[in-house]
$ cat work-v2.txt   # compact mmCIF, C-alpha atoms
# COMPACT_ATOMS: atom_id res chain seq x y z
CA MET A 1 -137.25 -151.72 120.12
CA LEU A 2 -139.45 -154.81 120.59
CA PRO A 3 -139.64 -155.61 116.84
CA ALA A 4 -135.84 -155.44 116.65
CA ILE A 5 -135.50 -157.80 119.65
CA ILE A 6 -137.99 -160.25 118.14
CA SER A 7 -136.21 -160.15 114.78
CA THR A 8 -132.80 -160.67 116.39
CA PHE A 9 -134.17 -163.54 118.48
CA GLY A 10 -135.69 -165.21 115.44
CA LEU A 11 -132.54 -164.89 113.37
CA ALA A 12 -130.29 -166.15 116.18
CA PHE A 13 -132.47 -169.21 116.64
CA PHE A 14 -131.46 -170.42 113.17
CA TYR A 15 -128.34 -168.45 112.19
CA TYR A 16 -126.50 -167.16 115.22
CA ILE A 17 -123.42 -165.64 113.61
CA ALA A 18 -125.41 -162.96 111.75
CA SER A 19 -127.80 -162.10 114.55
CA ILE A 20 -125.71 -159.60 116.53
CA PRO A 21 -124.77 -157.53 113.44
CA ALA A 22 -128.42 -157.68 112.34
CA GLY A 23 -129.56 -156.52 115.79
CA ALA A 24 -127.11 -153.62 115.62
CA ALA A 25 -128.40 -152.76 112.13
CA LEU A 26 -131.90 -152.68 113.60
CA GLN A 27 -130.68 -150.04 116.09
CA LEU A 28 -130.48 -152.33 119.12
CA PRO A 29 -127.70 -151.52 121.55
CA ILE A 30 -124.99 -154.12 121.00
CA PRO A 31 -125.19 -155.62 124.54
CA ILE A 32 -128.95 -156.14 124.12
CA ALA A 33 -128.44 -157.67 120.67
CA ALA A 34 -125.78 -160.01 122.10
CA LEU A 35 -127.95 -161.00 125.06
CA THR A 36 -130.96 -161.61 122.81
CA ALA A 37 -128.87 -163.72 120.45
CA GLY A 38 -127.38 -165.74 123.31
CA VAL A 39 -130.78 -166.43 124.85
CA SER A 40 -132.18 -167.44 121.47
CA TYR A 41 -129.27 -169.76 120.75
CA THR A 42 -129.61 -171.41 124.16
CA SER A 43 -133.36 -171.80 123.74
CA GLY A 44 -132.77 -173.63 120.45
CA ALA A 45 -130.48 -176.09 122.20
CA LEU A 46 -132.93 -176.45 125.09
CA LEU A 47 -135.81 -177.16 122.72
CA VAL A 48 -133.86 -179.92 120.98
CA VAL A 49 -132.81 -181.43 124.31
CA LEU A 50 -136.38 -181.43 125.63
CA ILE A 51 -137.70 -183.07 122.48
CA GLY A 52 -134.59 -184.98 121.43
CA ALA A 53 -133.64 -186.87 124.60
CA PRO A 54 -136.88 -188.87 124.86
CA LEU A 55 -136.94 -189.33 121.08
CA ARG A 56 -133.36 -190.63 121.09
CA GLU A 57 -134.18 -193.18 123.76
CA ARG A 58 -137.24 -194.40 121.86
CA LEU A 59 -135.37 -194.69 118.56
CA THR A 60 -132.38 -196.54 120.04
CA LYS A 61 -134.72 -199.07 121.67
CA ARG A 62 -136.98 -199.46 118.66
CA PHE A 63 -134.22 -199.91 116.07
CA ASN A 64 -131.69 -201.55 118.42
CA ILE A 65 -129.04 -198.91 117.75
CA ASN A 66 -125.68 -199.50 119.40
CA THR A 67 -124.48 -196.35 121.21
CA THR A 68 -121.44 -197.87 122.88
CA HIS A 69 -118.11 -196.12 122.68
CA ASP A 70 -116.00 -197.36 119.73
CA PRO A 71 -112.55 -195.70 119.52
CA SER A 72 -112.02 -197.04 116.00
CA LYS A 73 -114.69 -194.67 114.63
CA LEU A 74 -113.72 -191.10 113.73
CA ILE A 75 -116.59 -189.44 115.61
CA TRP A 76 -115.54 -191.13 118.84
CA ARG A 77 -111.87 -190.18 118.40
CA VAL A 78 -112.84 -186.53 117.90
CA TRP A 79 -115.23 -186.72 120.84
CA ASP A 80 -112.54 -188.26 123.07
CA ARG A 81 -110.15 -185.47 122.23
CA TYR A 82 -112.40 -182.39 122.47
CA GLY A 83 -115.59 -183.54 124.19
CA LEU A 84 -118.44 -181.29 125.17
CA ILE A 85 -116.19 -178.23 125.42
CA GLY A 86 -115.16 -178.54 121.78
CA LEU A 87 -118.73 -179.11 120.65
CA SER A 88 -120.01 -176.20 122.71
CA LEU A 89 -117.40 -173.79 121.38
CA LEU A 90 -117.65 -174.81 117.73
CA ALA A 91 -121.41 -175.27 117.34
CA PRO A 92 -122.31 -171.54 117.38
CA VAL A 93 -120.23 -170.76 114.30
CA THR A 94 -120.49 -174.08 112.48
CA LEU A 95 -123.53 -176.25 113.12
CA GLY A 96 -125.90 -174.11 115.13
CA SER A 97 -127.55 -174.94 118.41
CA GLN A 98 -130.07 -177.44 117.15
CA ILE A 99 -127.64 -179.64 115.23
CA GLY A 100 -125.01 -179.28 117.96
CA ALA A 101 -127.52 -180.40 120.57
CA LEU A 102 -128.57 -183.36 118.42
CA ILE A 103 -124.96 -184.42 118.03
CA GLY A 104 -124.40 -184.08 121.78
CA LEU A 105 -127.46 -186.18 122.51
CA SER A 106 -126.40 -188.82 120.00
CA LEU A 107 -123.00 -189.02 121.68
CA GLY A 108 -124.66 -189.66 125.02
CA VAL A 109 -124.22 -186.32 126.78
CA LYS A 110 -126.64 -185.86 129.66
CA PRO A 111 -129.30 -183.30 128.68
CA ARG A 112 -128.59 -180.95 131.59
CA SER A 113 -124.84 -180.94 130.88
CA LEU A 114 -125.51 -180.37 127.21
CA VAL A 115 -127.71 -177.32 127.76
CA ILE A 116 -125.24 -175.83 130.26
CA GLY A 117 -122.33 -176.51 127.90
CA MET A 118 -124.11 -174.95 124.94
CA ALA A 119 -125.13 -171.92 127.03
CA LEU A 120 -121.56 -171.39 128.22
CA GLY A 121 -120.08 -172.05 124.78
CA ILE A 122 -121.98 -169.13 123.30
CA ILE A 123 -120.51 -166.56 125.71
CA PRO A 124 -117.07 -166.17 124.05
CA TRP A 125 -118.74 -165.80 120.66
CA CYS A 126 -121.14 -163.17 122.01
CA VAL A 127 -118.16 -161.18 123.28
CA VAL A 128 -116.06 -161.57 120.11
CA ILE A 129 -118.86 -160.76 117.67
CA SER A 130 -120.11 -157.86 119.81
CA LEU A 131 -116.62 -156.35 119.94
CA ALA A 132 -116.19 -156.78 116.20
CA VAL A 133 -119.54 -155.08 115.51
CA ALA A 134 -118.80 -152.26 117.96
CA LEU A 135 -115.35 -151.64 116.49
CA GLY A 136 -116.76 -151.80 112.96
CA LEU A 137 -119.49 -149.29 113.77
CA GLN A 138 -117.00 -147.02 115.46
CA ALA A 139 -114.74 -147.15 112.39
CA VAL A 140 -117.46 -146.22 109.91
CA GLN A 141 -119.26 -143.55 111.94
CA PRO A 142 -118.13 -140.00 111.29
CA SER A 143 -116.19 -138.38 114.12

$ encode --input "work-v2.txt" --output "structure tokens"
Amino acid sequence: MLPAIISTFGLAFFYYIASIPAGAALQLPIPIAALTAGVSYTSGALLVVLIGAPLRERLTKRFNINTTHDPSKLIWRVWDRYGLIGLSLLAPVTLGSQIGALIGLSLGVKPRSLVIGMALGIIPWCVVISLAVALGLQAVQPS
């Protein structure tokens, strides 16, 4: 069971959406596969926040990058409308945790809020993908 958990963790770190089905294919119980994938996804965001927040501050000072809010730019209009909730819910199935965390940091989200948001944003996807895998396995298994 440990090799399957490690494989699921490694896959979820880089490609979350396939990790729960892969864990189930490796004979992990679906709740364990979902939990492993969720922890891996969150650890990816946490790693970027731990490394990225200090790096962002250094780069903005060094290159004199303006991070003020500008509603005329598309990224700020999208951010104003959906905010951290939108980023947290879309990142698992679009960008991944690392890129989502980098975007959050670049938009000025506090690191703690970003990690919590990303951790909570993965929960609905864990449930939906786990249910889809469970129903799919139930449909293909002989009665």

$ residues_around --input "work-v2.txt" --residues "region 77-89 of chain A" --least-positions-apart "2" --cutoff "7 Å" --atoms "all atoms listed in the file" --output "mmCIF file with C-alpha atoms, in the frame of the given file"
data_model
loop_
_atom_site.group_PDB
_atom_site.id
_atom_site.type_symbol
_atom_site.label_atom_id
_atom_site.label_comp_id
_atom_site.auth_asym_id
_atom_site.auth_seq_id
_atom_site.Cartn_x
_atom_site.Cartn_y
_atom_site.Cartn_z
ATOM 1 C CA PRO A 71 -112.550 -195.700 119.520
ATOM 2 C CA LYS A 73 -114.690 -194.670 114.630
ATOM 3 C CA LEU A 74 -113.720 -191.100 113.730
ATOM 4 C CA ILE A 75 -116.590 -189.440 115.610
ATOM 5 C CA ALA A 91 -121.410 -175.270 117.340
ATOM 6 C CA PRO A 92 -122.310 -171.540 117.380
ATOM 7 C CA GLY A 100 -125.010 -179.280 117.960
ATOM 8 C CA GLY A 117 -122.330 -176.510 127.900
ATOM 9 C CA MET A 118 -124.110 -174.950 124.940
ATOM 10 C CA GLY A 121 -120.080 -172.050 124.780
ATOM 11 C CA ILE A 122 -121.980 -169.130 123.300
#

$ residues_around --input "work-v2.txt" --residues "Ala101 (chain A)" --least-positions-apart "3" --cutoff "8 Å" --atoms "all atoms listed in the file" --output "PyMOL selection string"
chain A and resi 45+48-49+97-98+104-105+114-115+118

$ atom_distance --input "work-v2.txt" --atom1 "CA of Cys126 (chain A)" --atom2 "CA of Ala53 (chain A)"
26.9 Å

$ closest_atom_pairs --input "work-v2.txt" --of "region 13-96 of chain A" --to "region 137-143 of chain A" --cutoff "12 Å" --atoms "all atoms listed in the file" --output "JSON lines"
{"residue": "A:Pro21", "atom": "CA", "partner": "A:Leu137", "partner_atom": "CA", "distance": 9.8}
{"residue": "A:Ala24", "atom": "CA", "partner": "A:Leu137", "partner_atom": "CA", "distance": 9.0}
{"residue": "A:Ala25", "atom": "CA", "partner": "A:Leu137", "partner_atom": "CA", "distance": 9.7}
{"residue": "A:Gln27", "atom": "CA", "partner": "A:Leu137", "partner_atom": "CA", "distance": 11.5}
{"residue": "A:Pro29", "atom": "CA", "partner": "A:Leu137", "partner_atom": "CA", "distance": 11.5}
{"residue": "A:Ile30", "atom": "CA", "partner": "A:Leu137", "partner_atom": "CA", "distance": 10.3}

$ closest_residue --input "work-v2.txt" --among "A:Pro111, A:Gly136, A:Gly38, A:Gly44" --to "Phe13 (chain A)" --atoms "all atoms listed in the file"
A:Gly44

$ residues_near_point --input "work-v2.txt" --point "(-125.5, -163.0, 113.0)" --cutoff "12 Å" --atoms "all atoms listed in the file" --output "ChimeraX atom specification"
/A:7-25,30,33-34,36-38,40-41,92-93,96,125-126,128-130,132-133

$ atom_distance --input "work-v2.txt" --atom1 "CA of Arg58 (chain A)" --atom2 "CA of Thr42 (chain A)"
24.3 Å

$ atom_distance --input "work-v2.txt" --atom1 "CA of Pro124 (chain A)" --atom2 "CA of Leu35 (chain A)"
12.1 Å

$ build_atoms --input "work-v2.txt" --residues "region 78-89 of chain A" --atoms "N, CA and C atoms" --output "short mmCIF file (atom, residue, chain, number, x, y, z; two decimals), keeping the file's coordinate frame"
data_model
loop_
_atom_site.label_atom_id
_atom_site.label_comp_id
_atom_site.auth_asym_id
_atom_site.auth_seq_id
_atom_site.Cartn_x
_atom_site.Cartn_y
_atom_site.Cartn_z
N VAL A 78 -112.69 -187.99 117.76
CA VAL A 78 -112.84 -186.53 117.90
C VAL A 78 -113.50 -186.21 119.24
N TRP A 79 -114.53 -186.95 119.58
CA TRP A 79 -115.23 -186.72 120.84
C TRP A 79 -114.31 -186.95 122.03
N ASP A 80 -113.48 -187.99 121.98
CA ASP A 80 -112.54 -188.26 123.07
C ASP A 80 -111.53 -187.14 123.24
N ARG A 81 -111.15 -186.53 122.16
CA ARG A 81 -110.15 -185.47 122.23
C ARG A 81 -110.72 -184.13 122.71
N TYR A 82 -111.88 -183.73 122.19
CA TYR A 82 -112.40 -182.39 122.47
C TYR A 82 -113.64 -182.38 123.35
N GLY A 83 -114.44 -183.40 123.30
CA GLY A 83 -115.59 -183.54 124.19
C GLY A 83 -116.62 -182.44 124.06
N LEU A 84 -117.35 -182.26 125.14
CA LEU A 84 -118.44 -181.29 125.17
C LEU A 84 -117.93 -179.86 125.02
N ILE A 85 -116.75 -179.58 125.54
CA ILE A 85 -116.19 -178.23 125.42
C ILE A 85 -115.97 -177.88 123.94
N GLY A 86 -115.39 -178.78 123.20
CA GLY A 86 -115.16 -178.54 121.78
C GLY A 86 -116.46 -178.36 121.02
N LEU A 87 -117.42 -179.23 121.30
CA LEU A 87 -118.73 -179.11 120.65
C LEU A 87 -119.39 -177.79 121.00
N SER A 88 -119.36 -177.42 122.26
CA SER A 88 -120.01 -176.20 122.71
C SER A 88 -119.38 -174.94 122.13
N LEU A 89 -118.07 -174.96 121.92
CA LEU A 89 -117.40 -173.79 121.38
C LEU A 89 -117.49 -173.70 119.86
#
